[in-house]
Amino acid sequence: MSQKITMGAALTPEKIAEQLADGGAVAPASVAEYALRLGDDALILSQRLGWWIARAPEIEEDIALGNIALDLIGHARSFLTYAGSAWGKSEDDLAYFRDEPDWRCAQIFELANGDFAHTIVRQFAVSFFQFELYSRLVDSSDPVLAAIAAKAVKEVDYHRDHSAQWMLRLGQGTEESRRRVQVALTDVWPYVDELFRDDGLIDDVLIDDLDGVAVRPTTLREPFDELVGRVLGQADLEVPTGAVARGGGRDGVHTGGFGVLLAEMQVLARQYPGATW
């Protein structure tokens, strides 16, 4: 792949698609699979966060979670646009016309919102993971992935700070807020492990054969643990240990509520395929 993707604040999904079309380039199949994973992670999490609009504990948080969800949709559109270039599909084709086993998001992104503490703990884990991932992906040998990551990492840095401030606020707040966030940590943390598992796609193809397209997940675990441990220590919260979820989201194995989420997200497009506004 030799196409050049122009970097900068104006980088949008539409701009990426336009530049790909101008260069006549498409993603190699293995790169498309990797981009699909990242797009699915972002899109599914954005759907979960959008539920909180008009339900968050304060108006400012309605706006904050809504803005984070919009950022994630932007990331998803860019990754899915690039992934779809390999298969002649649009971002909408991938978002609205795949069935549950075809999705490649890690299970933590699709976990039910639970109470506000559960949502914040999930956001805390995934934003710190995504920041480490995108910070490394900016050096990808694939110029499209590098360009998307360069824009996304700036926004995820805000997501990371937002969640960390809430962890401190809940952990150092009332006895009840501390109890709830500690329960949420215990419930959510088993799903963190899946984020850092290497597999054949990344090891054999994207790193070895294609020379540094992807980021090896295991290399992100140490900085992740150090930074989240620092925040949890300041919040006087305990880092959960022991239980690890089986996972399987990267292989199309999902949690019980995932089908319901997809049904809500896809119903209009499937009921009226090809409709425009």
# chains A, B, ... in the order shown; residues from 1 in each chain; ligands from 1

call {"tool": "closest_atom_pairs", "arguments": {"of": "segment 40-71 of chain A", "to": "segment 163-183 of chain A", "cutoff": "12 Å", "atoms": "only C-alpha atoms", "output": "JSON lines"}}
result
{"residue": "A:Glu61", "atom": "CA", "partner": "A:Trp166", "partner_atom": "CA", "distance": 10.5}
{"residue": "A:Ala64", "atom": "CA", "partner": "A:Ser163", "partner_atom": "CA", "distance": 10.5}
{"residue": "A:Leu65", "atom": "CA", "partner": "A:Ser163", "partner_atom": "CA", "distance": 10.1}
{"residue": "A:Ile68", "atom": "CA", "partner": "A:Ser163", "partner_atom": "CA", "distance": 10.7}

call {"tool": "closest_atom_pairs", "arguments": {"of": "segment 60-149 of chain A", "to": "segment 221-228 of chain A", "cutoff": "10 Å", "atoms": "only C-alpha atoms", "output": "tab-separated table"}}
result
residue	atom	partner	partner_atom	distance
A:Phe124	CA	A:Val228	CA	8.2
A:Ala125	CA	A:Val228	CA	7.8
A:Phe128	CA	A:Phe224	CA	6.5
A:Phe129	CA	A:Phe224	CA	6.4
A:Gln130	CA	A:Phe224	CA	9.7
A:Phe131	CA	A:Phe224	CA	9.2
A:Glu132	CA	A:Phe224	CA	7.1
A:Leu133	CA	A:Phe224	CA	9.8

call {"tool": "write_last_selection", "arguments": {"atoms": "C-alpha atoms", "output": "compact mmCIF listing (two decimals), in the first residue's frame"}}
result
# COMPACT_ATOMS: atom_id res chain seq x y z
CA PHE A 124 -12.28 3.74 32.45
CA ALA A 125 -10.90 0.39 31.27
CA PHE A 128 -7.08 3.66 28.94
CA PHE A 129 -6.70 0.65 26.62
CA GLN A 130 -7.62 2.63 23.50
CA PHE A 131 -5.24 5.43 24.41
CA GLU A 132 -2.32 3.01 24.67
CA LEU A 133 -3.38 1.28 21.44

call {"tool": "atom_distance", "arguments": {"atom1": "atom CA of Leu185 of chain A", "atom2": "atom CA of Val121 of chain A"}}
result
6.2 Å

call {"tool": "select_by_dssp", "arguments": {"residues": "segment 20-141 of chain A", "states": "alpha helix (DSSP H)", "output": "VMD selection string"}}
result
chain A and resid 20 to 23 29 to 50 59 to 84 91 to 96 107 to 110 116 to 137

call {"tool": "residues_around", "arguments": {"residues": "Ser30 of chain A", "least_positions_apart": "3", "cutoff": "10 Å", "atoms": "only C-alpha atoms", "output": "PyMOL selection string"}}
result
chain A and resi 27+33-36+83+86+201-202+205-206+210+213

call {"tool": "write_last_selection", "arguments": {"atoms": "N, CA and C atoms", "output": "JSON list (two decimals), in the first residue's frame"}}
result
[["chain", "number", "residue", "atom", "x", "y", "z"],
["A", 27, "ALA", "N", -8.04, -1.81, 1.31],
["A", 27, "ALA", "CA", -7.32, -2.46, 2.39],
["A", 27, "ALA", "C", -7.07, -3.93, 2.04],
["A", 33, "GLU", "N", -9.67, -6.94, 8.29],
["A", 33, "GLU", "CA", -10.14, -7.67, 9.47],
["A", 33, "GLU", "C", -9.74, -6.95, 10.75],
["A", 34, "TYR", "N", -8.53, -6.42, 10.78],
["A", 34, "TYR", "CA", -8.06, -5.69, 11.95],
["A", 34, "TYR", "C", -8.84, -4.39, 12.13],
["A", 35, "ALA", "N", -9.05, -3.65, 11.03],
["A", 35, "ALA", "CA", -9.82, -2.41, 11.09],
["A", 35, "ALA", "C", -11.25, -2.70, 11.53],
["A", 36, "LEU", "N", -11.79, -3.84, 11.11],
["A", 36, "LEU", "CA", -13.15, -4.21, 11.50],
["A", 36, "LEU", "C", -13.24, -4.37, 13.01],
["A", 83, "ALA", "N", -12.23, -0.79, 6.37],
["A", 83, "ALA", "CA", -12.45, -2.23, 6.31],
["A", 83, "ALA", "C", -13.32, -2.59, 5.11],
["A", 86, "ALA", "N", -12.14, -3.36, 1.37],
["A", 86, "ALA", "CA", -11.62, -4.66, 0.95],
["A", 86, "ALA", "C", -12.70, -5.55, 0.38],
["A", 201, "LEU", "N", -4.04, -13.58, 13.75],
["A", 201, "LEU", "CA", -4.16, -12.47, 12.81],
["A", 201, "LEU", "C", -3.10, -11.42, 13.07],
["A", 202, "ILE", "N", -2.95, -11.04, 14.33],
["A", 202, "ILE", "CA", -1.99, -9.99, 14.67],
["A", 202, "ILE", "C", -0.56, -10.51, 14.61],
["A", 205, "VAL", "N", 0.26, -12.37, 10.71],
["A", 205, "VAL", "CA", 0.01, -11.63, 9.48],
["A", 205, "VAL", "C", 0.38, -10.16, 9.60],
["A", 206, "LEU", "N", -0.25, -9.46, 10.53],
["A", 206, "LEU", "CA", -0.12, -8.01, 10.55],
["A", 206, "LEU", "C", 1.21, -7.53, 11.12],
["A", 210, "LEU", "N", 3.28, -8.56, 7.31],
["A", 210, "LEU", "CA", 3.07, -7.20, 6.78],
["A", 210, "LEU", "C", 3.89, -6.15, 7.53],
["A", 213, "VAL", "N", 1.97, -3.57, 10.83],
["A", 213, "VAL", "CA", 0.69, -2.90, 10.62],
["A", 213, "VAL", "C", -0.03, -2.70, 11.93]]

call {"tool": "residues_around", "arguments": {"residues": "Ala269 of chain A", "least_positions_apart": "3", "cutoff": "9 Å", "atoms": "only C-alpha atoms", "output": "PDB file with C-alpha atoms, in the first residue's frame"}}
result
ATOM      1  CA  ASP A  92     -23.555   1.269   6.706  1.00  0.00           C
ATOM      2  CA  TYR A  96     -26.520  -2.547   9.864  1.00  0.00           C
ATOM      3  CA  PHE A  97     -26.429  -5.760   7.865  1.00  0.00           C
ATOM      4  CA  MET A 265     -29.423  -0.471  16.344  1.00  0.00           C
ATOM      5  CA  GLN A 266     -30.285  -2.203  13.071  1.00  0.00           C
ATOM      6  CA  TYR A 272     -36.385   0.054   5.172  1.00  0.00           C
ATOM      7  CA  PRO A 273     -33.199  -0.945   3.306  1.00  0.00           C
ATOM      8  CA  GLY A 274     -31.886   1.782   1.044  1.00  0.00           C
ATOM      9  CA  ALA A 275     -34.053   4.489   2.628  1.00  0.00           C
TER      10      ALA A 275
END

call {"tool": "closest_atom_pairs", "arguments": {"of": "segment 89-145 of chain A", "to": "segment 38-42 of chain A", "cutoff": "12 Å", "atoms": "only C-alpha atoms", "output": "tab-separated table"}}
result
residue	atom	partner	partner_atom	distance
A:Glu91	CA	A:Gly39	CA	9.5
A:Asp92	CA	A:Gly39	CA	11.9
A:Leu94	CA	A:Asp40	CA	9.1
A:Ala95	CA	A:Asp40	CA	8.2
A:Tyr96	CA	A:Asp40	CA	11.5
A:Arg98	CA	A:Asp40	CA	11.1
A:Glu100	CA	A:Asp40	CA	11.4
A:Asp102	CA	A:Asp40	CA	10.2
A:Trp103	CA	A:Asp40	CA	6.7
A:Arg104	CA	A:Asp40	CA	6.1
A:Cys105	CA	A:Asp41	CA	4.6
A:Ala106	CA	A:Asp41	CA	6.5
A:Gln107	CA	A:Asp41	CA	8.8
A:Ile108	CA	A:Asp41	CA	8.8
A:Phe109	CA	A:Asp41	CA	5.9
A:Glu110	CA	A:Asp41	CA	8.1
A:Leu111	CA	A:Asp41	CA	11.4
A:Gln123	CA	A:Ala42	CA	11.4
A:Val126	CA	A:Asp41	CA	9.4
A:Ser127	CA	A:Ala42	CA	10.4
A:Phe129	CA	A:Asp41	CA	11.5
A:Gln130	CA	A:Leu38	CA	9.4
A:Leu133	CA	A:Leu38	CA	10.1
A:Tyr134	CA	A:Leu38	CA	10.2
A:Leu137	CA	A:Leu38	CA	11.3
A:Leu145	CA	A:Leu38	CA	10.1

call {"tool": "write_last_selection", "arguments": {"atoms": "N, CA and C atoms", "output": "mmCIF file, in the first residue's frame"}}
result
data_model
loop_
_atom_site.group_PDB
_atom_site.id
_atom_site.type_symbol
_atom_site.label_atom_id
_atom_site.label_comp_id
_atom_site.auth_asym_id
_atom_site.auth_seq_id
_atom_site.Cartn_x
_atom_site.Cartn_y
_atom_site.Cartn_z
ATOM 1 N N GLU A 91 -19.682 1.626 5.102
ATOM 2 C CA GLU A 91 -19.758 1.596 6.565
ATOM 3 C C GLU A 91 -21.145 1.193 7.040
ATOM 4 N N ASP A 92 -22.188 1.629 6.324
ATOM 5 C CA ASP A 92 -23.555 1.269 6.706
ATOM 6 C C ASP A 92 -23.822 -0.221 6.487
ATOM 7 N N LEU A 94 -21.723 -2.606 6.860
ATOM 8 C CA LEU A 94 -21.088 -3.314 7.966
ATOM 9 C C LEU A 94 -21.793 -3.053 9.292
ATOM 10 N N ALA A 95 -22.314 -1.857 9.472
ATOM 11 C CA ALA A 95 -22.968 -1.528 10.748
ATOM 12 C C ALA A 95 -24.349 -2.158 10.864
ATOM 13 N N TYR A 96 -25.102 -2.211 9.765
ATOM 14 C CA TYR A 96 -26.520 -2.547 9.864
ATOM 15 C C TYR A 96 -26.900 -3.906 9.288
ATOM 16 N N ARG A 98 -24.946 -6.960 9.334
ATOM 17 C CA ARG A 98 -24.221 -8.147 9.801
ATOM 18 C C ARG A 98 -24.972 -8.748 10.983
ATOM 19 N N GLU A 100 -25.064 -11.276 14.493
ATOM 20 C CA GLU A 100 -24.265 -11.317 15.724
ATOM 21 C C GLU A 100 -22.930 -12.051 15.579
ATOM 22 N N ASP A 102 -20.957 -12.270 13.212
ATOM 23 C CA ASP A 102 -20.040 -11.592 12.303
ATOM 24 C C ASP A 102 -19.364 -10.382 12.938
ATOM 25 N N TRP A 103 -19.739 -10.052 14.154
ATOM 26 C CA TRP A 103 -19.147 -8.899 14.828
ATOM 27 C C TRP A 103 -17.889 -9.319 15.581
ATOM 28 N N ARG A 104 -16.908 -8.404 15.628
ATOM 29 C CA ARG A 104 -15.589 -8.726 16.170
ATOM 30 C C ARG A 104 -15.179 -7.849 17.355
ATOM 31 N N CYS A 105 -16.135 -7.237 18.031
ATOM 32 C CA CYS A 105 -15.808 -6.413 19.196
ATOM 33 C C CYS A 105 -15.452 -7.303 20.384
ATOM 34 N N ALA A 106 -14.487 -6.860 21.182
ATOM 35 C CA ALA A 106 -14.208 -7.539 22.445
ATOM 36 C C ALA A 106 -15.419 -7.387 23.355
ATOM 37 N N GLN A 107 -15.642 -8.360 24.215
ATOM 38 C CA GLN A 107 -16.881 -8.398 24.983
ATOM 39 C C GLN A 107 -17.047 -7.225 25.945
ATOM 40 N N ILE A 108 -15.966 -6.644 26.427
ATOM 41 C CA ILE A 108 -16.103 -5.552 27.390
ATOM 42 C C ILE A 108 -16.838 -4.359 26.778
ATOM 43 N N PHE A 109 -16.699 -4.153 25.479
ATOM 44 C CA PHE A 109 -17.346 -3.013 24.823
ATOM 45 C C PHE A 109 -18.854 -3.173 24.766
ATOM 46 N N GLU A 110 -19.340 -4.391 24.814
ATOM 47 C CA GLU A 110 -20.770 -4.633 24.674
ATOM 48 C C GLU A 110 -21.473 -4.885 25.998
ATOM 49 N N LEU A 111 -20.735 -4.882 27.112
ATOM 50 C CA LEU A 111 -21.347 -5.161 28.402
ATOM 51 C C LEU A 111 -22.509 -4.210 28.670
ATOM 52 N N GLN A 123 -15.923 2.354 30.961
ATOM 53 C CA GLN A 123 -15.306 3.428 30.185
ATOM 54 C C GLN A 123 -13.872 3.681 30.631
ATOM 55 N N VAL A 126 -11.719 0.774 29.014
ATOM 56 C CA VAL A 126 -11.547 0.789 27.562
ATOM 57 C C VAL A 126 -10.861 2.056 27.077
ATOM 58 N N SER A 127 -11.070 3.180 27.736
ATOM 59 C CA SER A 127 -10.410 4.407 27.273
ATOM 60 C C SER A 127 -8.917 4.373 27.543
ATOM 61 N N PHE A 129 -7.190 1.602 27.627
ATOM 62 C CA PHE A 129 -6.703 0.654 26.618
ATOM 63 C C PHE A 129 -6.585 1.321 25.258
ATOM 64 N N GLN A 130 -7.636 2.019 24.816
ATOM 65 C CA GLN A 130 -7.620 2.631 23.496
ATOM 66 C C GLN A 130 -6.544 3.698 23.379
ATOM 67 N N LEU A 133 -3.347 1.872 22.778
ATOM 68 C CA LEU A 133 -3.377 1.282 21.445
ATOM 69 C C LEU A 133 -3.156 2.333 20.357
ATOM 70 N N TYR A 134 -3.935 3.408 20.386
ATOM 71 C CA TYR A 134 -3.829 4.414 19.331
ATOM 72 C C TYR A 134 -2.505 5.165 19.394
ATOM 73 N N LEU A 137 -0.455 2.894 17.469
ATOM 74 C CA LEU A 137 -0.918 2.669 16.107
ATOM 75 C C LEU A 137 -0.597 3.844 15.190
ATOM 76 N N LEU A 145 -4.509 3.380 8.763
ATOM 77 C CA LEU A 145 -4.648 3.109 10.194
ATOM 78 C C LEU A 145 -3.907 4.154 11.020
#

call {"tool": "atom_distance", "arguments": {"atom1": "atom CA of Ala29 of chain A", "atom2": "atom CA of Ala146 of chain A"}}
result
17.2 Å

call {"tool": "closest_residue", "arguments": {"among": "A:Asn113, A:Ser46, A:Ser140, A:Ser90", "to": "Val31 of chain A", "atoms": "only C-alpha atoms"}}
result
A:Ser140

call {"tool": "closest_residue", "arguments": {"among": "A:His75, A:Gly249, A:Ile120, A:Lys151", "to": "Tyr191 of chain A", "atoms": "only C-alpha atoms"}}
result
A:Gly249

call {"tool": "decode", "arguments": {"residues": "segment 155-172 of chain A", "atoms": "C-alpha atoms", "output": "PDB file, in the first residue's frame"}}
result
ATOM      1  CA  GLU A 155     -10.203  12.411  21.551  1.00  0.00           C
ATOM      2  CA  VAL A 156      -9.582   9.247  23.556  1.00  0.00           C
ATOM      3  CA  ASP A 157      -7.202  11.216  25.762  1.00  0.00           C
ATOM      4  CA  TYR A 158     -10.224  13.263  26.856  1.00  0.00           C
ATOM      5  CA  HIS A 159     -12.276  10.089  27.360  1.00  0.00           C
ATOM      6  CA  ARG A 160      -9.498   8.767  29.568  1.00  0.00           C
ATOM      7  CA  ASP A 161      -9.375  11.899  31.705  1.00  0.00           C
ATOM      8  CA  HIS A 162     -13.157  12.012  32.014  1.00  0.00           C
ATOM      9  CA  SER A 163     -13.376   8.450  33.301  1.00  0.00           C
ATOM     10  CA  ALA A 164     -10.408   8.860  35.650  1.00  0.00           C
ATOM     11  CA  GLN A 165     -11.979  11.940  37.242  1.00  0.00           C
ATOM     12  CA  TRP A 166     -15.185   9.992  37.828  1.00  0.00           C
ATOM     13  CA  MET A 167     -13.276   7.096  39.375  1.00  0.00           C
ATOM     14  CA  LEU A 168     -11.674   9.510  41.819  1.00  0.00           C
ATOM     15  CA  ARG A 169     -14.988  11.205  42.512  1.00  0.00           C
ATOM     16  CA  LEU A 170     -16.804   7.943  43.181  1.00  0.00           C
ATOM     17  CA  GLY A 171     -13.984   6.318  45.106  1.00  0.00           C
ATOM     18  CA  GLN A 172     -13.406   9.346  47.322  1.00  0.00           C
TER      19      GLN A 172
END
